[in-house]
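I have placed the structure first, in the form of structure tokens, so that the comments after it can refer back to it.
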Amino acid sequence: MKLTLGFSPCPNDTFIFDALIHHKIDTEGLDFDVEYQDVETLNLKAFKGDLAITKLSYHAFAYAVEDYELLDAGSALGFGVGPMLITKDENLARKLQEKLNKGEPLTAELELLKVGYPGKYTTANFLLGLAFPQLKNKEELVFSEIEGALLAGDIDLGLIIHENRFTYEEKGLFKVVDLGDYWEKTTNCPIPLGGIVVKRSLPKEIKEKLNRILRASVDFAFANPKSGLAFIKAHAQEMSEEVMYKHIELYVNKYSIALGKEGRAAIEMMFDKAQQMGFIPKTDKNLFLA
């Protein structure tokens, strides 16, 4: 049986899926037609139901939950892994930090700041809304273009994800806030960034098989971390091997093997909080593969 599968070309996803798509593990008779897309493209594809299995952001999952449910393996959650709001103006960084720390609303001038962000349905955008709900002047950019737009003066603030958290300082940019850290201090939970979902309409035995083989793929990757090096490098965004593996260590952890009670509780808290604030629609669907 062949199924459509979408995930990002980022090292954490290619690390997780290498063994599965290259049959380094027993895939129990399943094969895959793979698409590599940035997370916002995958989010939009999920809204249309284009893929049988896909990576998406947890924010987007709220808009796709009627048609998809979450696999227990493959998720990106953790502490110290959140998106970051950055700027090239150190004084602006300090000013915004002060407002956030004191819980003060932004001035009219600060509300007009232009923010480059990686997509409406990204978890990064959800977290930005929690910290700075008044920042409405946004421009959607591919995540890899945000640092350049800041340096060029096209935007005032940039919301960065993935490996850019390792490179912004060497480019002379300054952190306003680590939004993952902000979430953790507010909730005492790991931050849910992205997960792997499967179409609810697939037979139960296929969904359970997918969960088993995805976990086996993650287990294989941890046991053989260099096995997929050529594959990971081929899709990585011009980064050194050291940065690639820093990226993997940050986003692939125990929650990628299995969510467990702690991981599930964090996801439920995100949904509850987002629903209370009117960021996402309410649902009576079970989020998790039963």
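In the structure tokens, each chain is lettered A, B, ... as it comes, each chain's residues begin at 1, and ligands are numbered from 1 in order of appearance.
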Q: Determine, counting only C-alpha atoms, which protein, DNA and RNA residues have an atom within 8 Å of an atom of stretch 29-31 of chain A; residues of the same chain fewer than 3 positions away are not included. Present the result as a ChimeraX atom specification.
A: /A:1-3,21,26
I'd like the contact shell of A:Phe132 - 9 Å cut-off, only C-alpha atoms, skipping same-chain residues fewer than 5 positions apart - returned as a PDB file with C-alpha atoms, in the first residue's frame.
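Dumped everything to result_14.pdb:
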```
ATOM      1  CA  LEU A 100       6.782  42.247  28.103  1.00  0.00           C
ATOM      2  CA  PRO A 105       0.643  47.248  26.471  1.00  0.00           C
ATOM      3  CA  LEU A 106       2.602  48.524  23.501  1.00  0.00           C
ATOM      4  CA  LEU A 127       2.976  32.224  20.425  1.00  0.00           C
TER       5      LEU A 127
END
```
Q: Could you pull out the residues in stretch 24-267 of chain A that DSSP calls strand (DSSP E or B) from the backbone, as a VMD selection string?
A: chain A and resid 31 to 36 53 to 57 68 to 70 76 to 78 84 to 87 115 to 117 138 to 140 157 to 160 174 to 178 191 to 199
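Residues in contact with A:Phe174 at 8 Å, where only C-alpha atoms are counted and same-chain residues fewer than 3 positions away are skipped, are listed as Ile86, Thr87, Lys88, Asp89, Glu90, Ala93, Tyr168 and Glu169 of chain A.
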Let's have the selection written as a tab-separated table (two decimals), in the first residue's frame, with N, CA, C and O atoms.
```tsv
chain	number	residue	atom	x	y	z
A	86	ILE	N	13.21	38.53	16.90
A	86	ILE	CA	14.50	39.21	16.84
A	86	ILE	C	14.38	40.53	16.09
A	86	ILE	O	13.39	40.79	15.41
A	87	THR	N	15.42	41.36	16.21
A	87	THR	CA	15.47	42.65	15.53
A	87	THR	C	16.93	43.02	15.29
A	87	THR	O	17.83	42.43	15.91
A	88	LYS	N	17.17	43.99	14.42
A	88	LYS	CA	18.56	44.47	14.26
A	88	LYS	C	18.81	45.72	15.10
A	88	LYS	O	19.92	46.24	15.13
A	89	ASP	N	17.78	46.19	15.81
A	89	ASP	CA	17.87	47.39	16.63
A	89	ASP	C	17.93	46.99	18.11
A	89	ASP	O	16.92	46.59	18.70
A	90	GLU	N	19.11	47.07	18.70
A	90	GLU	CA	19.28	46.63	20.08
A	90	GLU	C	18.41	47.43	21.05
A	90	GLU	O	17.87	46.89	22.01
A	93	ALA	N	14.94	46.13	20.91
A	93	ALA	CA	14.86	44.85	21.62
A	93	ALA	C	14.66	45.09	23.11
A	93	ALA	O	13.80	44.47	23.75
A	168	TYR	N	21.42	33.84	14.06
A	168	TYR	CA	21.02	35.26	14.03
A	168	TYR	C	22.05	36.16	14.70
A	168	TYR	O	22.30	37.28	14.23
A	169	GLU	N	22.67	35.71	15.80
A	169	GLU	CA	23.60	36.58	16.53
A	169	GLU	C	24.84	36.90	15.71
A	169	GLU	O	25.33	38.04	15.72
```
Can you build me a table of stretch 49-156 of chain A residues sitting at most 7 Å from stretch 182-190 of chain A, with the closest atom pair per residue and its distance in Å to one decimal, using only C-alpha atoms, sorted by chain and residue number, as JSON lines?
```
{"residue": "A:Leu77", "atom": "CA", "partner": "A:Pro190", "partner_atom": "CA", "distance": 6.0}
{"residue": "A:Gly78", "atom": "CA", "partner": "A:Pro190", "partner_atom": "CA", "distance": 4.7}
{"residue": "A:Phe79", "atom": "CA", "partner": "A:Pro190", "partner_atom": "CA", "distance": 5.1}
```
Q) Between atom CA of A:Leu287 and atom CA of A:Val34, what is the distance, to one decimal in Å? A) 24.1 Å
Report the closest atom pair, with its distance in Å rounded to one decimal, for each residue of stretch 254-277 of chain A that has an atom no farther than 8 Å from stretch 215-236 of chain A; count only C-alpha atoms, sort by chain and then rising residue number, and write it as JSON lines.
```
{"residue": "A:Ser256", "atom": "CA", "partner": "A:Val218", "partner_atom": "CA", "distance": 7.2}
{"residue": "A:Ile257", "atom": "CA", "partner": "A:Arg215", "partner_atom": "CA", "distance": 5.6}
{"residue": "A:Ala258", "atom": "CA", "partner": "A:Arg215", "partner_atom": "CA", "distance": 7.5}
```
Q: Would you please give, as a PyMOL selection string, all residues of stretch 65-250 of chain A that DSSP assigns to helix (DSSP H, G or I) based on the backbone?
A: chain A and resi 90-102+108-111+123-131+143-151+162-166+169-171+179-187+204-223+229-235+241-250
Q | Near-stretch 145-155 of chain A list (10 Å; only C-alpha atoms; drop same-chain fewer than 5 positions) as a ChimeraX atom specification | A | /A:86-89,113-118,137-140,160-161,164,167-168,171-173
Q: Using only C-alpha atoms, determine which residues lie at most 12 Å from A:Thr283, disregarding the query and same-chain residues fewer than 2 positions distant; provide the list as a list in words.
A: Phe61, Ala62, Tyr63, Ala64, Val65, Glu66, Asp67, Glu268, Phe271, Asp272, Ala274, Gln275, Ile280, Pro281, Lys285, Asn286 and Leu287 of chain A
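Atom CA of A:Leu70 is positioned 19.3 Å from atom CA of A:Phe15.
Closest to A:Ile53 among A:Ala108, A:Cys10, A:Val197, A:Leu179 is A:Val197, based on only C-alpha atoms.
Interatomic distance, atom CA of A:Ala290 to atom CA of A:Phe32: 23.0 Å.
Across A:Gly80, A:Gly129, A:Gly194, A:Gly103, the tightest approach to A:Arg165 is made by A:Gly80 when counting only C-alpha atoms.
Closest approach to A:Leu42 among A:Gln97, A:Thr107, A:Thr122, A:Ser75 is made by A:Thr122 (distances from only C-alpha atoms).
With distances restricted to only C-alpha atoms, A:Gly6 is the closest residue to A:Asp50 from A:Gly180, A:Gly6, A:Gly260, A:Pro133.
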